[in-house]
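Student: One file is attached below, start17.txt, containing compact mmCIF, C-alpha atoms.
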# COMPACT_ATOMS: atom_id res chain seq x y z
CA MET T 1 -5.79 29.39 -7.20
CA THR T 2 -3.78 28.65 -10.35
CA HIS T 3 -0.18 27.44 -10.12
CA LEU T 4 2.16 27.00 -13.09
CA ILE T 5 5.15 24.65 -12.77
CA THR T 6 7.77 25.35 -15.45
CA ASN T 7 11.02 23.81 -16.67
CA ILE T 8 10.27 20.23 -15.64
CA LYS T 9 13.09 18.10 -17.02
CA GLU T 10 10.69 15.19 -17.52
CA LEU T 11 7.04 14.82 -16.54
CA ILE T 12 6.52 11.12 -15.83
CA GLY T 13 3.53 8.78 -15.65
CA ILE T 14 1.08 10.39 -18.02
CA THR T 15 -1.95 8.15 -18.44
CA SER T 16 -5.71 8.25 -18.05
CA LYS T 17 -6.00 4.46 -17.85
CA PRO T 18 -7.37 3.23 -14.50
CA ILE T 19 -4.93 0.30 -14.34
CA LEU T 20 -2.08 -1.13 -16.42
CA ILE T 21 -2.09 -4.82 -17.27
CA GLY T 22 0.76 -7.11 -18.34
CA ASP T 23 2.70 -5.63 -21.26
CA GLU T 24 1.09 -2.22 -20.69
CA MET T 25 3.25 -1.88 -17.60
CA LYS T 26 6.39 -1.70 -19.78
CA LEU T 27 5.35 1.73 -21.04
CA LEU T 28 5.79 4.87 -18.94
CA PRO T 29 4.63 7.88 -21.00
CA THR T 30 6.56 11.10 -20.32
CA ILE T 31 7.05 14.61 -21.67
CA LYS T 32 10.51 16.15 -21.59
CA ASP T 33 11.02 19.87 -20.98
CA ALA T 34 7.48 20.17 -19.66
CA PHE T 35 5.09 22.44 -17.80
CA LEU T 36 2.17 21.56 -15.53
CA VAL T 37 -0.75 23.68 -14.35
CA ILE T 38 -2.54 23.15 -11.05
CA GLU T 39 -5.91 24.71 -10.29
CA ASP T 40 -7.42 24.42 -6.82
CA GLY T 41 -5.31 21.38 -6.04
CA LEU T 42 -6.06 19.52 -9.27
CA ILE T 43 -4.02 19.04 -12.44
CA SER T 44 -5.68 21.18 -15.12
CA ASP T 45 -3.10 21.21 -17.92
CA TYR T 46 0.36 19.99 -18.90
CA GLY T 47 2.56 19.78 -21.98
CA SER T 48 5.81 20.84 -23.59
CA MET T 49 7.44 24.13 -22.52
CA LYS T 50 7.18 25.37 -26.09
CA ASP T 51 3.40 25.31 -25.59
CA VAL T 52 3.30 26.86 -22.13
CA PRO T 53 0.13 28.98 -21.78
CA ALA T 54 0.46 32.75 -21.62
CA SER T 55 -2.34 33.10 -19.06
CA HIS T 56 -2.01 34.90 -15.74
CA PHE T 57 -1.23 32.55 -12.85
CA ASP T 58 -1.47 33.19 -9.13
CA LYS T 59 1.83 31.38 -8.59
CA ILE T 60 4.70 30.23 -10.80
CA THR T 61 7.31 27.71 -9.69
CA ASN T 62 10.44 26.96 -11.67
CA ALA T 63 11.12 23.23 -11.31
CA SER T 64 14.75 23.92 -12.26
CA GLY T 65 15.16 20.71 -14.18
CA ALA T 66 13.60 18.35 -11.64
CA LEU T 67 11.87 15.18 -12.73
CA VAL T 68 8.22 15.22 -11.66
CA LEU T 69 6.16 12.08 -11.18
CA PRO T 70 2.93 11.15 -9.39
CA SER T 71 3.27 10.41 -5.69
CA TRP T 72 3.52 6.80 -4.60
CA CYS T 73 0.30 4.92 -3.82
CA ASP T 74 0.99 2.43 -1.02
CA SER T 75 -1.93 0.00 -0.92
CA HIS T 76 -0.84 -2.24 1.98
CA THR T 77 0.41 -0.99 5.36
CA HIS T 78 0.01 -1.57 9.09
CA ILE T 79 1.50 1.72 10.31
CA VAL T 80 -0.84 2.07 13.29
CA TYR T 81 1.00 0.01 15.89
CA ALA T 82 2.61 0.44 19.30
CA GLY T 83 6.29 0.10 20.14
CA ASN T 84 8.51 -2.16 18.04
CA ARG T 85 9.71 -5.76 17.71
CA GLU T 86 13.45 -5.26 17.44
CA GLN T 87 14.16 -8.21 19.74
CA GLU T 88 12.49 -10.51 17.23
CA PHE T 89 14.78 -9.06 14.57
CA VAL T 90 17.72 -10.30 16.65
CA ASP T 91 15.97 -13.65 17.23
CA ARG T 92 15.73 -14.17 13.48
CA ILE T 93 19.41 -13.37 13.06
CA ASN T 94 20.05 -16.05 15.68
CA GLY T 95 18.16 -18.61 13.63
CA LEU T 96 14.50 -18.52 14.65
CA SER T 97 11.91 -18.42 11.87
CA TYR T 98 8.91 -16.08 11.71
CA GLU T 99 6.66 -19.04 12.53
CA GLU T 100 8.83 -20.16 15.49
CA ILE T 101 8.78 -16.65 16.96
CA ALA T 102 5.00 -16.57 16.64
CA LYS T 103 4.65 -19.91 18.46
CA ARG T 104 6.67 -18.47 21.38
CA GLY T 105 4.18 -15.62 21.81
CA GLY T 106 5.98 -13.19 19.54
CA GLY T 107 4.85 -11.82 16.24
CA ILE T 108 1.35 -10.42 15.89
CA LEU T 109 0.33 -11.42 19.43
CA ASN T 110 3.31 -9.49 20.82
CA SER T 111 2.21 -6.36 18.95
CA ALA T 112 -1.39 -6.88 20.08
CA LYS T 113 -0.36 -6.97 23.75
CA LYS T 114 1.57 -3.70 23.39
CA LEU T 115 -1.24 -2.00 21.52
CA GLN T 116 -3.90 -3.06 24.02
CA GLU T 117 -1.82 -1.40 26.74
CA THR T 118 -1.33 1.85 24.76
CA SER T 119 -3.74 4.77 24.99
CA GLU T 120 -5.49 6.00 21.86
CA ASP T 121 -3.72 9.37 22.02
CA ASP T 122 -0.29 7.75 22.39
CA LEU T 123 -1.07 5.37 19.54
CA TYR T 124 -2.13 8.30 17.39
CA GLU T 125 1.10 10.22 18.09
CA GLN T 126 3.29 7.21 17.25
CA SER T 127 1.38 6.56 14.06
CA ALA T 128 1.30 10.21 12.97
CA LYS T 129 5.11 10.33 13.05
CA ARG T 130 5.27 7.33 10.72
CA LEU T 131 2.69 8.85 8.40
CA GLU T 132 4.60 12.14 8.23
CA GLU T 133 7.78 10.22 7.42
CA VAL T 134 6.27 8.33 4.49
CA MET T 135 4.64 11.49 3.12
CA LEU T 136 8.08 13.12 2.94
CA LEU T 137 9.32 9.98 1.16
CA GLY T 138 6.77 10.62 -1.59
CA THR T 139 3.68 8.66 -0.58
CA GLY T 140 0.46 10.47 -1.43
CA ALA T 141 -2.14 7.72 -0.92
CA ILE T 142 -2.03 4.93 1.63
CA GLU T 143 -4.05 2.04 3.00
CA ILE T 144 -3.78 1.36 6.74
CA LYS T 145 -4.98 -1.83 8.43
CA SER T 146 -6.08 -2.65 11.93
CA GLY T 147 -5.19 -6.13 13.19
CA TYR T 148 -2.89 -5.50 16.14
CA GLY T 149 -5.81 -5.12 18.52
CA LEU T 150 -7.51 -8.54 18.44
CA THR T 151 -10.14 -7.36 20.94
CA THR T 152 -13.19 -5.30 20.10
CA GLU T 153 -11.95 -2.33 22.12
CA ALA T 154 -8.44 -2.40 20.67
CA GLU T 155 -9.51 -2.95 17.05
CA LEU T 156 -11.93 -0.01 17.29
CA LYS T 157 -9.14 2.04 18.85
CA MET T 158 -6.89 1.36 15.87
CA LEU T 159 -9.59 2.22 13.35
CA ARG T 160 -10.43 5.45 15.20
CA VAL T 161 -6.75 6.41 15.05
CA ILE T 162 -6.79 5.78 11.28
CA LYS T 163 -9.89 7.99 11.02
CA ARG T 164 -8.12 10.78 12.94
CA LEU T 165 -5.11 10.53 10.64
CA LYS T 166 -7.42 10.79 7.64
CA GLN T 167 -9.01 13.93 9.09
CA ASN T 168 -5.72 15.63 9.99
CA TYR T 169 -3.41 14.99 7.03
CA PRO T 170 -3.61 15.91 3.30
CA ILE T 171 -3.02 12.33 2.16
CA ALA T 172 -5.66 9.93 0.85
CA ILE T 173 -6.15 7.16 3.42
CA LYS T 174 -8.15 3.94 3.09
CA ALA T 175 -8.92 1.96 6.25
CA THR T 176 -9.01 -1.83 6.40
CA PHE T 177 -10.41 -3.98 9.21
CA LEU T 178 -7.98 -6.86 9.82
CA GLY T 179 -9.35 -8.35 13.02
CA ALA T 180 -8.58 -11.73 11.43
CA HIS T 181 -4.83 -11.17 11.64
CA ALA T 182 -4.18 -13.92 14.21
CA ILE T 183 -6.10 -15.99 16.75
CA PRO T 184 -5.78 -14.36 20.20
CA SER T 185 -4.25 -16.61 22.83
CA ASN T 186 -7.50 -16.65 24.86
CA PHE T 187 -9.24 -18.15 21.81
CA ALA T 188 -6.64 -20.85 21.19
CA LYS T 189 -8.34 -23.90 19.68
CA LYS T 190 -11.57 -21.87 19.60
CA SER T 191 -11.12 -20.00 16.32
CA ASP T 192 -14.84 -20.38 15.56
CA LYS T 193 -15.67 -18.36 18.69
CA TYR T 194 -13.24 -15.62 17.69
CA ILE T 195 -14.72 -15.48 14.18
CA ASP T 196 -18.16 -15.13 15.77
CA LEU T 197 -16.79 -12.19 17.77
CA LEU T 198 -15.45 -10.57 14.60
CA ILE T 199 -18.74 -10.98 12.75
CA GLN T 200 -21.31 -10.45 15.48
CA GLU T 201 -19.65 -7.80 17.63
CA MET T 202 -16.81 -6.00 15.81
CA LEU T 203 -18.23 -5.66 12.30
CA PRO T 204 -21.54 -4.07 13.37
CA GLN T 205 -19.77 -1.43 15.47
CA ILE T 206 -17.23 -0.72 12.71
CA ALA T 207 -20.03 -0.30 10.19
CA ALA T 208 -22.07 1.90 12.54
CA GLU T 209 -19.13 4.28 13.03
CA GLU T 210 -18.05 4.03 9.35
CA LEU T 211 -14.51 3.16 10.40
CA ALA T 212 -13.44 0.89 7.53
CA ASP T 213 -13.46 0.71 3.74
CA TYR T 214 -12.30 -2.91 3.45
CA ILE T 215 -12.00 -6.19 5.34
CA ASP T 216 -8.84 -8.32 5.34
CA VAL T 217 -7.96 -11.84 6.52
CA PHE T 218 -4.55 -13.49 6.99
CA CYS T 219 -5.35 -16.64 5.00
CA GLU T 220 -2.35 -18.80 5.84
CA THR T 221 -1.38 -22.10 7.45
CA GLY T 222 -1.58 -21.65 11.22
CA TYR T 223 -3.74 -18.53 10.98
CA PHE T 224 -7.09 -18.59 9.11
CA THR T 225 -8.28 -21.35 6.82
CA VAL T 226 -9.79 -20.87 3.38
CA ASP T 227 -13.28 -21.65 4.70
CA GLU T 228 -12.85 -19.15 7.54
CA THR T 229 -11.59 -16.57 5.06
CA ILE T 230 -14.63 -17.05 2.82
CA LYS T 231 -16.96 -16.71 5.82
CA LEU T 232 -15.30 -13.43 6.82
CA MET T 233 -15.26 -12.05 3.27
CA GLN T 234 -18.98 -12.75 2.95
CA ALA T 235 -19.69 -11.17 6.33
CA GLY T 236 -17.71 -8.09 5.34
CA LYS T 237 -19.66 -7.84 2.11
CA GLU T 238 -22.91 -7.72 4.10
CA PHE T 239 -21.56 -4.62 5.85
CA GLY T 240 -20.43 -3.01 2.60
CA LEU T 241 -16.75 -3.90 2.93
CA LYS T 242 -14.83 -5.28 -0.03
CA SER T 243 -11.98 -7.69 0.66
CA LYS T 244 -8.21 -7.23 0.49
CA ILE T 245 -6.67 -10.57 1.46
CA HIS T 246 -3.26 -11.59 2.85
CA VAL T 247 -2.55 -14.81 0.97
CA ASN T 248 0.25 -17.14 -0.19
CA GLN T 249 2.94 -15.60 2.01
CA PHE T 250 4.36 -18.91 3.24
CA THR T 251 2.09 -21.59 1.76
CA ALA T 252 -0.44 -21.93 -1.07
CA ILE T 253 -3.65 -23.34 0.42
CA GLY T 254 -6.29 -22.17 -2.05
CA GLY T 255 -6.76 -18.65 -0.77
CA ILE T 256 -6.36 -17.02 -4.17
CA ARG T 257 -9.28 -18.99 -5.63
CA ALA T 258 -11.43 -18.02 -2.66
CA ALA T 259 -10.47 -14.36 -2.99
CA VAL T 260 -11.16 -14.18 -6.72
CA GLU T 261 -14.46 -16.07 -6.49
CA ASN T 262 -15.61 -13.71 -3.73
CA GLY T 263 -14.67 -10.53 -5.59
CA ALA T 264 -11.69 -9.43 -3.52
CA LEU T 265 -10.20 -6.12 -4.63
CA SER T 266 -6.65 -7.42 -4.12
CA VAL T 267 -4.58 -10.38 -2.99
CA ASP T 268 -1.41 -9.33 -1.23
CA HIS T 269 1.96 -11.07 -0.66
CA LEU T 270 1.99 -13.96 -3.20
CA GLU T 271 5.55 -14.99 -2.37
CA VAL T 272 4.48 -18.60 -2.96
CA ILE T 273 2.33 -18.99 -6.06
CA LEU T 274 1.22 -21.98 -8.12
CA PRO T 275 0.32 -22.12 -11.85
CA GLU T 276 -3.32 -22.68 -10.93
CA ASP T 277 -3.23 -19.49 -8.83
CA ILE T 278 -2.16 -17.49 -11.86
CA GLU T 279 -4.87 -19.10 -13.99
CA MET T 280 -7.42 -18.21 -11.31
CA LEU T 281 -6.29 -14.57 -11.23
CA LYS T 282 -6.78 -14.38 -15.00
CA LYS T 283 -10.47 -15.22 -14.51
CA GLY T 284 -11.27 -12.27 -12.25
CA ALA T 285 -10.54 -8.62 -11.57
CA THR T 286 -8.60 -9.12 -8.32
CA ILE T 287 -5.31 -7.18 -8.31
CA PRO T 288 -2.09 -8.97 -7.25
CA VAL T 289 0.00 -6.88 -4.84
CA ALA T 290 3.67 -7.65 -4.15
CA LEU T 291 5.49 -6.60 -0.96
CA PRO T 292 9.21 -6.89 -1.81
CA SER T 293 10.60 -5.22 1.30
CA CYS T 294 8.87 -7.92 3.39
CA SER T 295 10.71 -10.59 1.39
CA TYR T 296 13.94 -8.62 1.88
CA PHE T 297 13.48 -8.31 5.64
CA LEU T 298 12.37 -11.91 6.28
CA SER T 299 14.67 -13.51 3.67
CA ILE T 300 11.74 -15.31 2.05
CA PRO T 301 11.06 -15.66 -1.71
CA TYR T 302 9.98 -12.68 -3.77
CA THR T 303 6.66 -12.52 -5.60
CA PRO T 304 7.24 -13.85 -9.16
CA ALA T 305 6.47 -10.55 -10.86
CA ARG T 306 7.51 -11.63 -14.34
CA GLU T 307 5.21 -14.67 -14.27
CA LEU T 308 2.26 -12.48 -13.28
CA MET T 309 2.96 -9.79 -15.88
CA ASN T 310 3.65 -12.36 -18.62
CA ALA T 311 0.19 -13.76 -17.85
CA GLN T 312 -1.17 -10.30 -18.75
CA LEU T 313 -2.13 -9.53 -15.18
CA PRO T 314 -1.73 -6.20 -13.39
CA LEU T 315 0.69 -5.92 -10.48
CA ALA T 316 0.88 -3.35 -7.70
CA LEU T 317 3.74 -2.73 -5.26
CA ALA T 318 3.31 -1.77 -1.60
CA THR T 319 5.44 -1.56 1.53
CA ASP T 320 3.65 -3.77 4.10
CA TYR T 321 4.97 -1.27 6.69
CA ASN T 322 4.61 -3.06 10.04
CA PRO T 323 6.66 -3.69 13.20
CA GLY T 324 7.45 -7.35 12.64
CA SER T 325 8.19 -8.15 9.01
CA THR T 326 8.70 -4.77 7.32
CA PRO T 327 9.54 -1.86 9.62
CA SER T 328 9.84 0.57 6.69
CA GLY T 329 7.36 2.60 4.67
CA ASN T 330 9.88 3.72 2.06
CA MET T 331 8.26 3.20 -1.33
CA ASN T 332 11.48 4.30 -3.03
CA PHE T 333 13.18 1.24 -1.55
CA VAL T 334 10.23 -0.91 -2.65
CA VAL T 335 10.60 0.28 -6.25
CA ALA T 336 14.36 -0.33 -6.17
CA THR T 337 13.98 -3.78 -4.62
CA ALA T 338 11.37 -4.73 -7.22
CA CYS T 339 13.90 -3.85 -9.92
CA ILE T 340 16.90 -5.48 -8.25
CA LYS T 341 15.33 -8.65 -6.84
CA MET T 342 12.16 -9.16 -8.87
CA LYS T 343 13.71 -8.10 -12.20
CA MET T 344 11.03 -5.53 -12.93
CA THR T 345 12.07 -2.71 -15.22
CA PRO T 346 12.01 0.84 -13.80
CA GLU T 347 8.94 1.52 -15.96
CA GLU T 348 7.09 -1.51 -14.60
CA ALA T 349 8.03 -0.78 -11.00
CA ILE T 350 7.01 2.88 -11.16
CA ASN T 351 3.68 1.97 -12.77
CA ALA T 352 3.13 -0.70 -10.11
CA ALA T 353 3.83 1.81 -7.33
CA THR T 354 1.64 4.58 -8.75
CA ILE T 355 -1.36 3.90 -11.01
CA ASN T 356 -1.71 0.21 -10.09
CA GLY T 357 -1.28 0.98 -6.41
CA ALA T 358 -4.06 3.54 -6.74
CA ALA T 359 -6.27 0.91 -8.39
CA ALA T 360 -5.68 -1.44 -5.45
CA MET T 361 -7.29 1.24 -3.26
CA GLU T 362 -10.02 2.22 -5.75
CA LEU T 363 -8.34 5.61 -6.17
CA SER T 364 -7.34 5.41 -9.83
CA GLN T 365 -9.85 8.10 -10.85
CA THR T 366 -8.10 10.65 -8.64
CA HIS T 367 -4.55 9.40 -7.94
CA GLY T 368 -1.62 7.53 -9.41
CA SER T 369 -0.86 9.31 -12.67
CA ILE T 370 -0.52 12.64 -14.44
CA ALA T 371 -3.95 13.33 -15.93
CA LYS T 372 -6.28 16.31 -16.09
CA GLY T 373 -8.66 16.39 -13.17
CA LYS T 374 -6.53 14.25 -10.87
CA VAL T 375 -5.19 15.60 -7.59
CA ALA T 376 -1.81 17.31 -7.80
CA ASN T 377 0.11 14.80 -5.66
CA LEU T 378 3.62 15.06 -7.05
CA ILE T 379 7.22 14.09 -6.36
CA PHE T 380 9.94 16.56 -7.42
CA THR T 381 13.35 14.94 -7.63
CA LYS T 382 16.77 16.34 -6.95
CA PRO T 383 18.98 16.68 -10.08
CA ILE T 384 19.23 13.13 -11.45
CA PRO T 385 19.89 11.92 -15.01
CA SER T 386 16.71 9.86 -15.49
CA TYR T 387 13.90 8.07 -13.67
CA GLY T 388 15.94 4.85 -13.94
CA PHE T 389 18.39 6.46 -11.52
CA LEU T 390 15.79 6.22 -8.73
CA PRO T 391 16.02 2.40 -8.35
CA TYR T 392 19.65 2.29 -9.54
CA SER T 393 20.96 4.59 -6.81
CA PHE T 394 18.81 2.90 -4.18
CA GLY T 395 20.69 4.04 -1.09
CA SER T 396 20.18 7.78 -1.56
CA ASN T 397 17.15 9.99 -1.13
CA HIS T 398 16.53 11.60 -4.51
CA ILE T 399 13.38 13.47 -3.50
CA ASP T 400 13.68 17.24 -3.27
CA LYS T 401 10.05 18.23 -2.63
CA VAL T 402 6.67 16.57 -2.27
CA MET T 403 3.37 18.19 -3.20
CA LEU T 404 0.01 16.93 -1.90
CA LEU T 405 -3.30 18.42 -3.03
CA GLY T 406 -1.37 21.11 -4.90
CA LYS T 407 0.66 22.30 -1.90
CA PHE T 408 4.27 21.58 -1.00
CA ILE T 409 4.52 19.83 2.35
If you took the structure in this file and wrote it as structure tokens, what would it be?

Tutor:
Amino acid sequence: MTHLITNIKELIGITSKPILIGDEMKLLPTIKDAFLVIEDGLISDYGSMKDVPASHFDKITNASGALVLPSWCDSHTHIVYAGNREQEFVDRINGLSYEEIAKRGGGILNSAKKLQETSEDDLYEQSAKRLEEVMLLGTGAIEIKSGYGLTTEAELKMLRVIKRLKQNYPIAIKATFLGAHAIPSNFAKKSDKYIDLLIQEMLPQIAAEELADYIDVFCETGYFTVDETIKLMQAGKEFGLKSKIHVNQFTAIGGIRAAVENGALSVDHLEVILPEDIEMLKKGATIPVALPSCSYFLSIPYTPARELMNAQLPLALATDYNPGSTPSGNMNFVVATACIKMKMTPEEAINAATINGAAAMELSQTHGSIAKGKVANLIFTKPIPSYGFLPYSFGSNHIDKVMLLGKFI
């Protein structure tokens, strides 16, 4: 089926590059007064309206002056979870820190208890609603982590839910095994035994059922050490899983060096970063990923985006959608917050949330930009003056329609 989109006010994010690095992120190629052709769900042609092809098309849609850009690529989420943690939200308002709440049995362990008690079907229904919500907010590719199970049965349950979501929705989904999200209370002071469980029992079953694309570790003071992180990354590699590592959220303990030296695809959070961390990132191909809505929600520092980009590094943006530190999957808010709080330009933020987000999921050949042969995952805006209006007018929903795989959802 061929589908012609006409009268696009501005077609945004035209690039065939797999990732944008440093100063490249300042450029956001566009075509004004444009057309776009979709064939069998893929972009087959685009250009200026004065050059619109005269061919016969099965369907023609008048964009009526909408801006059109590639759908968001959210490379870090935890949307498969049970219940919520709104009481902890109130606890933080009353002065408790994230770490203090965790020590009282809250945080990740609280979510794990709820998830262990929730059936797979119930967990799927809760998670599907969140996925549908973010799709309507413009997300067309997403990574989803386990990590709120912390037992073999519950971690497998989470990963099977992610697999069901992948089968039932027209959105690209990558699955990440994050069994090393926290030490379960029954393994307190026995982290080595829990790591043995992850490696010897969970990983073989996950690999046998092909339930994950990546492995993740929360490398942070009070969670998993650098040595433990390295051990888990190497174990994941033996089962064909690349690493995507939580690191430098609260403290810098050497996790970035470990991630880069072990070929991690991405390092995510980076709210606390040292000069030597930046130098280490320059030596490898690991992609830094910032999670600004987490910083907003927890009132912690923001990832120093300008330092990373000035070092000629790439940067991706993601939501970190989860029940405890970022109960939102709105990539539009992420882009706006990156501009407002991290001083990224609209061009840099949009690139970070599209093509670089796709690269952080190894999807840049198919997603993240306007290019021939890529999937037609597109955002159509309401009437707005320019793409800079998206982060400027951050409190309004400027999305009119979303297209995934060439079909409006």

Student: Which residues are near segment 250-262 of chain T? Cut-off 9 Å, all atoms listed in the file, ignore same chain within fewer than 6 positions. Put them as an MDAnalysis selection string.

Tutor: chainID T and resid 219:221 225:227 229:230 233:234 243:244 270:274 276:278 280:281 283:286 300:301

Student: For the interface of segment 33-98 of chain T with segment 125-142 of chain T (cut-off 7 Å, counting all atoms listed in the file), please tabulate each contacting residue of segment 33-98 of chain T alongside its nearest pair of atoms and their separation in Å to one decimal, rows sorted by chain and increasing number, as a Markdown table.

Tutor:
| residue | atom | partner | partner_atom | distance |
| --- | --- | --- | --- | --- |
| T:Ser71 | CA | T:Gly140 | CA | 5.1 |
| T:Trp72 | CA | T:Thr139 | CA | 4.4 |
| T:Cys73 | CA | T:Ala141 | CA | 4.7 |
| T:Asp74 | CA | T:Ile142 | CA | 4.7 |
| T:Ser75 | CA | T:Ile142 | CA | 5.6 |
| T:Ile79 | CA | T:Ser127 | CA | 6.1 |
| T:Val80 | CA | T:Ser127 | CA | 5.1 |
| T:Tyr81 | CA | T:Ser127 | CA | 6.8 |

Student: Calculated over all atoms listed in the file, which of the candidates T:Gly329, T:Gly13, T:Pro288, T:Gly149 has the smallest distance to Gln312 of chain T?

Tutor: T:Pro288

Student: How far is it from atom CA of Glu155 of chain T to atom CA of Phe297 of chain T, in Å with one decimal?

Tutor: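 Value for the atom CA of Glu155 of chain T-atom CA of Phe297 of chain T distance: 26.2 Å.
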
Student: Which residue gives the smallest distance to Tyr296 of chain T among T:Gly47, T:Gly22, T:Pro327, T:Gly147, with all atoms listed in the file counted?

Tutor: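 Of all the options, T:Pro327 lies closest to Tyr296 of chain T.
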
Student: Rank nothing, just name the residue among T:Lys401, T:His367, T:Lys59, T:Arg306 nearest to Lys343 of chain T, using all atoms listed in the file.

Tutor: T:Arg306

Student: Tell me which protein, DNA and RNA residues are within 9 Å of Met25 of chain T, counting all atoms listed in the file, leaving out same-chain ones fewer than 4 positions away, and put them as a ChimeraX atom specification.

Tutor: /T:20-21,309,314-315,347-352

Student: Work out how far apart atom CA of Ala154 of chain T and atom CA of Gln116 of chain T are and give it in Å to one decimal.

Tutor: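 Interatomic distance here is 5.7 Å.
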
Student: Have a look at T:Ser44, T:Asn377, T:Thr319, T:Thr354 and name the one nearest to Leu405 of chain T; count only C-alpha atoms.

Tutor: T:Asn377

Student: So what do you get for atom CA of Val90 of chain T versus atom CA of Glu143 of chain T, distance-wise?

Tutor: 28.5 Å

Student: Point out the residue among T:Ile340, T:Ile19, T:Ile379, T:Leu4 with the least atom-to-atom distance to Ile38 of chain T, counting only C-alpha atoms.

Tutor: T:Leu4

Student: So, counting all atoms listed in the file, which residue among T:Lys174, T:Arg104, T:Lys407, T:His398 is closest to Met1 of chain T?

Tutor: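 Closest residue, counting all atoms listed in the file: T:Lys407.
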
Student: Anything within 7 Å of (-8.4, -11.1, 8.5): list those residues as a PyMOL selection string, counting all atoms listed in the file and sticking to the file's coordinates.

Tutor: chain T and resi 178-181+215-218

Student: Can you give me N, CA and C atoms for segment 70-81 of chain T, written as a PDB file, in the frame of the given file?

Tutor:
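Dumped everything to out.pdb:
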ATOM      1  N   PRO T  70       4.002  11.242 -10.380  1.00  0.00           N
ATOM      2  CA  PRO T  70       2.930  11.150  -9.390  1.00  0.00           C
ATOM      3  C   PRO T  70       3.435  10.541  -8.093  1.00  0.00           C
ATOM      4  N   SER T  71       2.850  10.957  -6.988  1.00  0.00           N
ATOM      5  CA  SER T  71       3.270  10.410  -5.690  1.00  0.00           C
ATOM      6  C   SER T  71       2.968   8.928  -5.624  1.00  0.00           C
ATOM      7  N   TRP T  72       3.709   8.242  -4.768  1.00  0.00           N
ATOM      8  CA  TRP T  72       3.520   6.800  -4.600  1.00  0.00           C
ATOM      9  C   TRP T  72       2.158   6.512  -3.979  1.00  0.00           C
ATOM     10  N   CYS T  73       1.587   5.374  -4.355  1.00  0.00           N
ATOM     11  CA  CYS T  73       0.300   4.920  -3.820  1.00  0.00           C
ATOM     12  C   CYS T  73       0.539   3.577  -3.135  1.00  0.00           C
ATOM     13  N   ASP T  74       0.612   3.599  -1.826  1.00  0.00           N
ATOM     14  CA  ASP T  74       0.990   2.430  -1.020  1.00  0.00           C
ATOM     15  C   ASP T  74      -0.282   1.739  -0.522  1.00  0.00           C
ATOM     16  N   SER T  75      -0.628   0.617  -1.149  1.00  0.00           N
ATOM     17  CA  SER T  75      -1.930   0.000  -0.920  1.00  0.00           C
ATOM     18  C   SER T  75      -1.952  -1.075   0.168  1.00  0.00           C
ATOM     19  N   HIS T  76      -0.865  -1.212   0.934  1.00  0.00           N
ATOM     20  CA  HIS T  76      -0.840  -2.240   1.980  1.00  0.00           C
ATOM     21  C   HIS T  76       0.117  -1.819   3.085  1.00  0.00           C
ATOM     22  N   THR T  77      -0.430  -1.327   4.210  1.00  0.00           N
ATOM     23  CA  THR T  77       0.410  -0.990   5.360  1.00  0.00           C
ATOM     24  C   THR T  77      -0.299  -1.322   6.661  1.00  0.00           C
ATOM     25  N   HIS T  78       0.510  -1.360   7.729  1.00  0.00           N
ATOM     26  CA  HIS T  78       0.010  -1.570   9.090  1.00  0.00           C
ATOM     27  C   HIS T  78       0.660  -0.510  10.001  1.00  0.00           C
ATOM     28  N   ILE T  79       0.658   0.744   9.601  1.00  0.00           N
ATOM     29  CA  ILE T  79       1.500   1.720  10.310  1.00  0.00           C
ATOM     30  C   ILE T  79       0.941   2.139  11.668  1.00  0.00           C
ATOM     31  N   VAL T  80      -0.310   1.784  11.952  1.00  0.00           N
ATOM     32  CA  VAL T  80      -0.840   2.070  13.290  1.00  0.00           C
ATOM     33  C   VAL T  80      -0.497   0.882  14.196  1.00  0.00           C
ATOM     34  N   TYR T  81       0.579   1.044  14.943  1.00  0.00           N
ATOM     35  CA  TYR T  81       1.000   0.010  15.890  1.00  0.00           C
ATOM     36  C   TYR T  81       1.728   0.676  17.051  1.00  0.00           C
TER      37      TYR T  81
END
